[in-house]
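File shown here: work-v9.txt, holding compact mmCIF, C-alpha atoms.
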```txt
# COMPACT_ATOMS: atom_id res chain seq x y z
CA MET A 1 0.00 0.00 0.00
CA ALA A 2 1.21 3.52 -0.80
CA THR A 3 2.01 5.96 1.97
CA THR A 4 -1.12 7.60 3.31
CA ILE A 5 -1.38 11.33 2.67
CA PRO A 6 -3.42 12.39 5.69
CA ALA A 7 -4.40 15.82 4.38
CA ASN A 8 -5.87 14.57 1.09
CA TRP A 9 -9.42 13.39 1.59
CA VAL A 10 -11.67 11.74 -0.97
CA ILE A 11 -15.42 12.00 -0.38
CA CYS A 12 -17.61 9.24 -1.81
CA PRO A 13 -21.36 9.72 -1.48
CA ALA A 14 -23.01 6.31 -1.81
CA TYR A 15 -26.57 5.06 -2.02
CA ASN A 16 -27.03 1.32 -2.52
CA GLU A 17 -23.59 0.92 -4.09
CA ALA A 18 -22.72 -2.49 -2.66
CA ALA A 19 -21.75 -3.71 -6.11
CA THR A 20 -18.92 -1.19 -6.51
CA ILE A 21 -18.07 0.56 -3.25
CA GLY A 22 -15.59 -2.03 -1.97
CA PRO A 23 -13.23 -1.99 -4.99
CA VAL A 24 -13.56 1.79 -5.37
CA VAL A 25 -12.55 2.46 -1.75
CA ALA A 26 -9.79 -0.15 -1.85
CA GLU A 27 -8.23 1.45 -4.92
CA LEU A 28 -8.40 4.90 -3.37
CA ARG A 29 -6.77 3.61 -0.18
CA ARG A 30 -4.03 1.85 -2.18
CA ALA A 31 -3.31 5.21 -3.83
CA GLY A 32 -2.80 6.69 -0.37
CA TYR A 33 -5.88 8.83 0.06
CA ARG A 34 -8.01 9.13 3.15
CA VAL A 35 -11.53 8.18 2.18
CA VAL A 36 -14.85 9.04 3.76
CA VAL A 37 -17.90 7.24 2.45
CA VAL A 38 -21.19 8.94 3.21
CA ASP A 39 -23.77 6.18 3.12
CA ASP A 40 -26.97 7.98 2.21
CA GLY A 41 -29.40 5.63 3.92
CA SER A 42 -28.62 2.55 1.84
CA ASN A 43 -30.71 -0.58 2.16
CA ASP A 44 -27.88 -2.88 1.13
CA GLN A 45 -24.40 -3.64 2.51
CA THR A 46 -22.78 -0.43 1.24
CA ALA A 47 -21.78 0.78 4.72
CA ARG A 48 -20.20 -2.51 5.81
CA LEU A 49 -18.30 -2.98 2.57
CA ALA A 50 -16.99 0.58 2.65
CA ALA A 51 -15.83 0.20 6.23
CA ASP A 52 -14.19 -3.17 5.47
CA ALA A 53 -12.31 -1.58 2.58
CA GLY A 54 -10.82 1.03 4.92
CA ALA A 55 -13.03 4.07 4.57
CA ASP A 56 -14.21 6.33 7.32
CA LEU A 57 -17.94 6.02 7.45
CA VAL A 58 -20.69 8.56 7.95
CA VAL A 59 -24.21 7.17 7.70
CA HIS A 60 -27.27 9.26 7.03
CA PRO A 61 -30.20 7.83 9.01
CA ILE A 62 -32.46 8.46 6.00
CA ASN A 63 -31.91 8.90 2.27
CA LEU A 64 -31.39 12.61 1.59
CA GLY A 65 -29.72 12.71 -1.81
CA GLN A 66 -26.26 13.02 -3.29
CA GLY A 67 -25.96 16.75 -2.65
CA ALA A 68 -26.72 16.30 1.03
CA ALA A 69 -24.23 13.43 1.24
CA LEU A 70 -21.51 15.53 -0.37
CA GLN A 71 -22.07 18.38 2.09
CA THR A 72 -21.90 15.91 4.98
CA GLY A 73 -18.66 14.51 3.58
CA ILE A 74 -17.19 17.98 3.16
CA GLU A 75 -18.03 18.88 6.76
CA TYR A 76 -16.56 15.59 8.01
CA ALA A 77 -13.33 16.02 6.05
CA LEU A 78 -12.92 19.60 7.24
CA GLN A 79 -13.43 18.41 10.84
CA GLN A 80 -10.65 15.87 10.28
CA GLY A 81 -8.25 18.60 9.18
CA ALA A 82 -8.32 17.97 5.43
CA GLU A 83 -6.15 20.29 3.36
CA THR A 84 -7.54 19.14 0.04
CA LEU A 85 -10.86 17.45 -0.66
CA VAL A 86 -11.88 15.45 -3.71
CA THR A 87 -15.42 14.40 -4.58
CA PHE A 88 -15.55 11.01 -6.26
CA ASP A 89 -18.53 8.98 -7.44
CA ALA A 90 -19.00 5.58 -5.81
CA ASP A 91 -20.21 3.83 -8.96
CA GLY A 92 -16.72 3.31 -10.33
CA GLN A 93 -16.95 5.61 -13.32
CA HIS A 94 -14.03 7.83 -12.23
CA ARG A 95 -10.34 6.98 -12.46
CA VAL A 96 -8.21 7.24 -9.34
CA ASP A 97 -5.27 8.43 -11.48
CA ASP A 98 -7.19 11.58 -12.35
CA ILE A 99 -7.18 12.73 -8.72
CA GLY A 100 -3.44 13.37 -8.85
CA ARG A 101 -3.92 15.44 -11.99
CA LEU A 102 -6.62 17.51 -10.31
CA LEU A 103 -4.47 18.18 -7.25
CA GLU A 104 -1.45 19.01 -9.38
CA ALA A 105 -3.45 21.40 -11.58
CA MET A 106 -4.83 23.09 -8.49
CA ARG A 107 -1.31 23.61 -7.12
CA GLU A 108 0.16 24.80 -10.42
CA GLY A 109 -2.75 27.09 -11.15
CA ARG A 110 -2.82 28.42 -7.57
CA ALA A 111 -6.52 27.65 -7.67
CA GLU A 112 -8.95 26.74 -4.91
CA PHE A 113 -10.96 24.40 -7.13
CA ALA A 114 -10.09 21.91 -9.88
CA LEU A 115 -13.08 20.74 -11.90
CA GLY A 116 -12.90 17.54 -13.89
CA SER A 117 -14.16 17.77 -17.45
CA ARG A 118 -15.05 14.81 -19.62
CA PHE A 119 -15.48 17.06 -22.63
CA ILE A 120 -11.86 18.23 -22.70
CA GLY A 121 -10.91 14.74 -21.51
CA HIS A 122 -12.62 11.48 -22.46
CA ALA A 123 -15.95 9.83 -21.91
CA THR A 124 -16.30 6.23 -22.96
CA ASN A 125 -19.70 4.76 -23.82
CA LEU A 126 -21.47 8.08 -23.23
CA PRO A 127 -24.94 7.81 -24.83
CA ALA A 128 -25.82 10.53 -27.34
CA LEU A 129 -28.91 11.72 -25.45
CA ARG A 130 -26.98 12.11 -22.22
CA ARG A 131 -24.24 13.99 -24.08
CA ARG A 132 -26.86 16.44 -25.37
CA LEU A 133 -28.33 16.88 -21.87
CA LEU A 134 -24.91 17.53 -20.37
CA GLN A 135 -24.12 20.05 -23.09
CA ALA A 136 -27.42 21.82 -22.39
CA ALA A 137 -26.44 21.92 -18.71
CA VAL A 138 -23.15 23.55 -19.68
CA VAL A 139 -24.97 26.30 -21.60
CA PHE A 140 -27.35 26.81 -18.66
CA THR A 141 -24.45 27.02 -16.19
CA ARG A 142 -22.54 29.50 -18.33
CA LEU A 143 -25.61 31.71 -18.58
CA THR A 144 -26.54 31.57 -14.90
CA THR A 145 -23.10 31.63 -13.25
CA GLY A 146 -20.82 33.24 -15.80
CA LEU A 147 -18.31 30.42 -15.35
CA GLN A 148 -16.91 29.32 -18.72
CA VAL A 149 -16.82 25.63 -17.83
CA SER A 150 -16.93 22.82 -20.37
CA ASP A 151 -18.58 20.25 -18.07
CA ALA A 152 -21.20 21.26 -15.52
CA HIS A 153 -22.18 17.94 -13.96
CA ASN A 154 -18.94 16.08 -13.39
CA GLY A 155 -18.75 14.45 -9.97
CA LEU A 156 -14.93 14.44 -9.96
CA ARG A 157 -13.64 17.71 -8.55
CA ALA A 158 -11.02 18.84 -6.06
CA MET A 159 -10.93 21.79 -3.71
CA THR A 160 -8.66 23.26 -1.12
CA ARG A 161 -9.72 23.62 2.49
CA ARG A 162 -10.36 27.31 1.85
CA GLY A 163 -12.48 26.53 -1.18
CA ALA A 164 -14.45 23.80 0.60
CA ALA A 165 -15.28 26.18 3.44
CA THR A 166 -17.16 28.38 0.95
CA ILE A 167 -19.38 25.52 -0.22
CA HIS A 168 -22.71 25.26 1.58
CA LEU A 169 -24.95 22.96 -0.43
CA ARG A 170 -28.69 23.34 0.07
CA GLN A 171 -29.67 21.29 -2.94
CA ASN A 172 -30.00 17.78 -1.58
CA ARG A 173 -30.37 16.00 -4.88
CA MET A 174 -28.89 16.28 -8.33
CA ALA A 175 -29.08 20.06 -8.60
CA HIS A 176 -26.09 20.23 -6.24
CA ALA A 177 -23.69 20.10 -9.21
CA SER A 178 -25.08 23.36 -10.55
CA GLU A 179 -25.16 24.78 -7.03
CA ILE A 180 -21.47 24.04 -6.47
CA LEU A 181 -20.59 25.99 -9.60
CA ALA A 182 -22.85 28.83 -8.49
CA GLU A 183 -21.07 28.84 -5.11
CA ILE A 184 -17.68 28.90 -6.84
CA ALA A 185 -18.82 31.85 -8.97
CA ARG A 186 -20.15 33.63 -5.88
CA SER A 187 -16.93 33.05 -3.94
CA ALA A 188 -14.89 34.56 -6.81
CA LEU A 189 -12.15 32.07 -5.95
CA ARG A 190 -9.91 30.78 -8.72
CA TYR A 191 -10.72 27.49 -10.45
CA VAL A 192 -9.14 25.39 -13.17
CA GLU A 193 -10.60 22.74 -15.42
CA VAL A 194 -8.77 19.48 -15.85
CA PRO A 195 -9.35 16.78 -18.48
CA VAL A 196 -10.52 13.54 -16.89
CA THR A 197 -11.86 10.23 -18.11
CA ILE A 198 -15.34 8.98 -17.31
CA GLU A 199 -15.95 5.32 -18.03
CA TYR A 200 -19.64 4.63 -18.35
CA THR A 201 -20.71 1.10 -17.60
CA THR A 202 -24.13 -0.51 -17.73
CA TYR A 203 -24.18 -0.19 -13.95
CA SER A 204 -23.25 3.51 -13.81
CA LEU A 205 -25.65 4.35 -16.63
CA ALA A 206 -28.48 2.67 -14.76
CA LYS A 207 -27.63 4.65 -11.62
CA GLY A 208 -27.10 7.95 -13.41
CA GLN A 209 -29.37 10.80 -14.36
CA ARG A 210 -32.24 10.46 -16.77
CA LEU A 211 -34.11 12.92 -18.96
CA GLY A 212 -36.72 13.58 -16.28
CA ASP A 213 -33.97 14.39 -13.76
CA SER A 214 -32.96 17.44 -15.78
CA LEU A 215 -36.46 18.84 -15.27
CA LEU A 216 -36.22 18.13 -11.54
CA ILE A 217 -32.88 19.91 -11.42
CA LEU A 218 -34.39 22.92 -13.16
CA ARG A 219 -37.36 22.89 -10.78
CA ASP A 220 -35.10 22.71 -7.72
CA LEU A 221 -32.91 25.56 -8.93
CA ILE A 222 -35.93 27.77 -9.62
CA ALA A 223 -37.50 26.91 -6.25
CA GLN A 224 -34.27 27.79 -4.45
CA GLY A 225 -34.14 31.06 -6.35
CA LEU A 226 -37.64 31.92 -5.12
CA ALA A 227 -36.94 31.09 -1.48
CA ARG A 228 -34.38 32.72 0.74
CA MET B 1 -73.13 42.56 -1.94
CA ILE B 2 -72.89 39.38 0.15
CA ALA B 3 -70.61 37.76 -2.44
CA GLN B 4 -68.50 40.92 -2.65
CA CYS B 5 -68.06 41.04 1.12
CA THR B 6 -67.24 37.34 1.33
CA LEU B 7 -64.67 37.53 -1.47
CA SER B 8 -63.17 40.67 0.01
CA PHE B 9 -62.83 38.99 3.37
CA VAL B 10 -61.07 36.01 1.82
CA LEU B 11 -58.80 38.22 -0.30
CA LEU B 12 -57.84 40.24 2.75
CA GLY B 13 -56.96 36.94 4.38
CA VAL B 14 -54.69 36.14 1.41
CA ILE B 15 -52.97 39.53 1.76
CA GLY B 16 -52.44 38.82 5.45
CA TYR B 17 -51.06 35.38 4.60
CA ALA B 18 -48.69 36.94 2.05
CA TRP B 19 -47.48 39.37 4.72
CA THR B 20 -46.64 36.55 7.10
CA GLU B 21 -44.78 34.67 4.35
CA TYR B 22 -42.68 37.62 3.21
CA ARG B 23 -39.60 36.66 5.22
CA ARG B 24 -39.52 33.10 3.88
CA SER B 25 -40.22 33.78 0.20
CA PRO B 26 -40.54 37.46 -0.69
CA VAL B 27 -41.15 36.84 -4.40
CA VAL B 28 -44.13 34.59 -3.78
CA ALA B 29 -45.45 36.88 -1.05
CA LEU B 30 -45.32 39.96 -3.28
CA LEU B 31 -46.94 38.14 -6.19
CA SER B 32 -49.70 36.81 -3.92
CA ALA B 33 -50.33 40.23 -2.37
CA CYS B 34 -50.41 41.97 -5.76
CA THR B 35 -52.76 39.37 -7.24
CA ALA B 36 -55.03 39.53 -4.20
CA ALA B 37 -55.06 43.33 -4.33
CA GLY B 38 -55.97 43.14 -8.02
CA GLY B 39 -58.75 40.66 -7.20
CA PHE B 40 -59.98 42.98 -4.44
CA TYR B 41 -60.21 45.85 -6.91
CA PHE B 42 -62.12 43.79 -9.46
CA VAL B 43 -64.59 42.58 -6.85
CA TRP B 44 -65.60 46.13 -6.01
CA PHE B 45 -65.28 47.64 -9.49
CA PRO B 46 -66.67 44.94 -11.79
CA ALA B 47 -67.21 47.42 -14.62
CA GLN B 48 -63.48 48.09 -14.63
CA SER B 49 -62.85 44.36 -14.73
CA ASN B 50 -65.11 44.10 -17.78
CA GLN B 51 -63.11 46.79 -19.55
CA LEU B 52 -59.82 45.21 -18.57
CA ALA B 53 -61.06 41.76 -19.55
CA GLU B 54 -62.11 43.07 -22.94
CA PHE B 55 -58.73 44.74 -23.33
CA ALA B 56 -56.93 41.52 -22.35
CA GLY B 57 -59.14 39.37 -24.55
CA VAL B 58 -60.38 37.25 -21.64
CA GLY B 59 -64.10 37.72 -22.29
CA ARG B 60 -66.13 38.84 -19.27
CA GLY B 61 -64.95 40.49 -16.10
CA SER B 62 -66.18 37.55 -14.05
CA ASP B 63 -63.91 35.28 -16.11
CA LEU B 64 -61.02 37.55 -15.25
CA ILE B 65 -61.83 37.21 -11.57
CA VAL B 66 -61.87 33.42 -11.89
CA TYR B 67 -58.51 33.48 -13.64
CA THR B 68 -57.13 35.77 -10.96
CA TRP B 69 -58.37 33.37 -8.32
CA ALA B 70 -56.77 30.44 -10.13
CA ALA B 71 -53.46 32.32 -10.30
CA LEU B 72 -53.70 33.04 -6.61
CA SER B 73 -54.31 29.39 -5.82
CA LEU B 74 -51.25 28.40 -7.84
CA LEU B 75 -49.12 30.92 -5.98
CA VAL B 76 -50.29 29.56 -2.64
CA MET B 77 -49.44 26.05 -3.85
CA LEU B 78 -45.98 27.27 -4.85
CA ASN B 79 -45.56 28.70 -1.41
CA LEU B 80 -46.53 25.38 0.14
CA HIS B 81 -43.89 23.72 -2.02
CA LEU B 82 -41.29 26.20 -0.75
CA LYS B 83 -42.38 25.54 2.83
CA LEU B 84 -41.91 21.81 2.33
CA ARG B 85 -38.45 22.45 0.93
CA PHE B 86 -37.63 24.50 4.00
CA GLN B 87 -38.77 21.66 6.24
CA LEU B 88 -36.60 19.26 4.23
CA GLU B 89 -33.62 21.54 4.79
CA LEU B 90 -34.22 21.37 8.54
CA ILE B 91 -34.50 17.58 8.38
CA THR B 92 -31.27 17.49 6.39
CA VAL B 93 -29.44 19.53 9.00
CA LEU B 94 -30.76 17.27 11.75
CA ALA B 95 -29.84 14.08 9.89
CA ARG B 96 -26.37 15.46 9.14
CA ARG B 97 -25.76 16.34 12.79
CA LEU B 98 -26.82 12.83 13.79
CA ALA B 99 -24.62 11.25 11.14
CA LEU B 100 -21.56 13.29 12.07
CA ALA B 101 -22.11 12.63 15.76
CA ASN B 102 -22.21 8.86 15.16
CA CYS B 103 -19.56 8.52 12.45
CA ALA B 104 -17.06 5.67 12.44
CA THR B 105 -13.43 6.60 11.96
CA ASN B 106 -11.47 4.22 9.73
CA GLY B 107 -14.34 1.79 9.80
CA ARG B 108 -13.68 0.68 13.37
CA ALA B 109 -17.29 0.95 14.42
CA PRO B 110 -19.68 -1.67 13.10
CA ALA B 111 -21.72 -0.65 10.10
CA PRO B 112 -25.38 -0.25 10.96
CA GLU B 113 -28.01 -2.55 9.62
CA ALA B 114 -30.81 -1.21 7.44
CA SER B 115 -33.53 0.12 9.75
CA PRO B 116 -37.30 -0.10 9.36
CA LEU B 117 -37.48 3.71 9.52
CA ARG B 118 -35.03 3.94 6.65
CA ASP B 119 -37.06 1.47 4.61
CA ARG B 120 -40.16 3.60 4.94
CA VAL B 121 -38.69 6.92 3.92
CA THR B 122 -35.95 6.16 1.42
CA GLY B 123 -36.28 7.26 -2.17
CA SER B 124 -33.89 6.85 -5.03
CA ASP B 125 -32.13 9.72 -6.76
```

Structure translated into structure tokens:
Amino acid sequence: MATTIPANWVICPAYNEAATIGPVVAELRRAGYRVVVVDDGSNDQTARLAADAGADLVVHPINLGQGAALQTGIEYALQQGAETLVTFDADGQHRVDDIGRLLEAMREGRAEFALGSRFIGHATNLPALRRRLLQAAVVFTRLTTGLQVSDAHNGLRAMTRRGAATIHLRQNRMAHASEILAEIARSALRYVEVPVTIEYTTYSLAKGQRLGDSLLILRDLIAQGLAR
Amino acid sequence: MIAQCTLSFVLLGVIGYAWTEYRRSPVVALLSACTAAGGFYFVWFPAQSNQLAEFAGVGRGSDLIVYTWAALSLLVMLNLHLKLRFQLELITVLARRLALANCATNGRAPAPEASPLRDRVTGSD
């Protein structure tokens, strides 16, 4: 096993990910990262498998959504003294090697955030409809936040402790990805985009967003805009 | 006159409701108050509502009042939606505090079993 880097934390939100969480956590631990898995009220063995693989474990008593799990993970990692935090999907579609690139780009660019982008990197087996939806999300994000990003809904991103402290997610479900970018824009902190690879599998596609989810995201963003 | 008084009473109630909701969702509160004020005006000046309805292409003034009422109902429903979201935010904060208070460092604590409560309330993303 590689030497553990105590200040680098990887946050994995997980909901019923028993099929993948063990290998994902084990690979992250072999690479030397501290890992916190936020089990978002799973009904399967996600929590046990994550703990067995060496992750710290935070368990939501009820299912709240990926955005809520990410915020919980961020708060946990900050409590543990994390210097850098990486968000990483539990379904195995991200590559552990890309984390190093994100952290390096953040250091070189003196940035507080490094955002993974599959559109300047690679996406294997990405269905055409999902590609169109993601591109529409990019246009929406550019219009609403002013950030000239190339990928708005990529779960692989890194942030410094300072950057993470500015993130306060209120969107519990999938709209959190847009909310993070809005928070970055609001904070006016520096960010860089980094090419990453997303490997879609039958499993990750089944777990991922659908056409109807984009409408829910839009609804949630509008509702948050109306409320204080 | 009885209908006018009854509607006015209800519309005043809506304005009062909008006032109490202003802190939580000012946009919805202002829209509700403005729509209710408009409805109040039309109730007492139906001739004006006829003219406005004709101008807007709605038909009769009474139709305009019905449409105004429908719009008001939708705004109140929107406000209920926002209230539910607010409650969910509170539940999220509570659940997060519980989770962080009971977290297991490096997996030393046993992973919890699925609970009946969790089974009842879980929903997939």

Could you pull the residues within 10 Å of Ala105 in chain A, counting only C-alpha atoms, minus those fewer than 5 positions along the same chain, as a list in words?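 My list of contacting residues is Ile99, Gly100, Arg110, Ala111, Phe113, Ala114, Leu115, Ala158, Tyr191, Val192, Glu193 and Val194 of chain A.
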
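Distances to Ala3 in chain B were evaluated for B:Ala29, B:Val43, B:Ala95, B:Ala36 using only C-alpha atoms, and the minimum falls at B:Val43.
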
For a quick test of understanding: name the residues of chain A lying within 7 Å of chain B when counting only C-alpha atoms, and present them as a ChimeraX atom specification. /A:41,43,47-48,51-52,54-65,72,76,173,223,226-228

Please, which residues are within 9 Å of (-62.8, 45.9, -1.8) by the file's coordinates, counting all atoms listed in the file, and could they come as a PyMOL selection string? chain B and resi 4-5+7-9+11-12+37+39-45

What does the structure give for the distance between CA of His176 in chain A and CA of Tyr33 in chain A, in Å to one decimal? 24.0 Å

Would you list the contacts of range 136-141 of chain A as a list in words, taking every protein, DNA or RNA residue within 9 Å and counting only C-alpha atoms, but skipping same-chain residues closer than 2 positions in sequence?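 Here the qualifying residues turn out to be Arg131, Arg132, Leu133, Leu134, Leu143, Thr144, Thr145, Gly146, Leu147, Gln148, Val149, Ser150, Asp151, Ala152, His153, Ser178, Leu181, Ala182 and Ser214 of chain A.
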
Computed interatomic separation between CA of Gly32 in chain A and CA of Phe88 in chain A (Å):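 Between CA of Gly32 in chain A and CA of Phe88 in chain A the gap works out to 14.7 Å.
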
Can you tell me which residues surround range 68-70 of chain A at a distance of at most 8 Å, considering all atoms listed in the file, apart from same-chain residues fewer than 2 positions away, and format the answer as a VMD selection string? (chain A and resid 11 to 14 38 to 40 60 64 to 66 72 to 74 87 169 to 173) or (chain B and resid 92)

Quick check, in Å to one decimal: how far apart do CA of Ser32 in chain B and CA of Val66 in chain B lie? 14.9 Å

In terms of the shortest atom-to-atom distance over all atoms listed in the file, which of A:Gly155, A:Gln135, A:Tyr203, A:Ala123 is closest to Asn16 in chain A?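 Smallest separation from Asn16 in chain A among the options: A:Tyr203.
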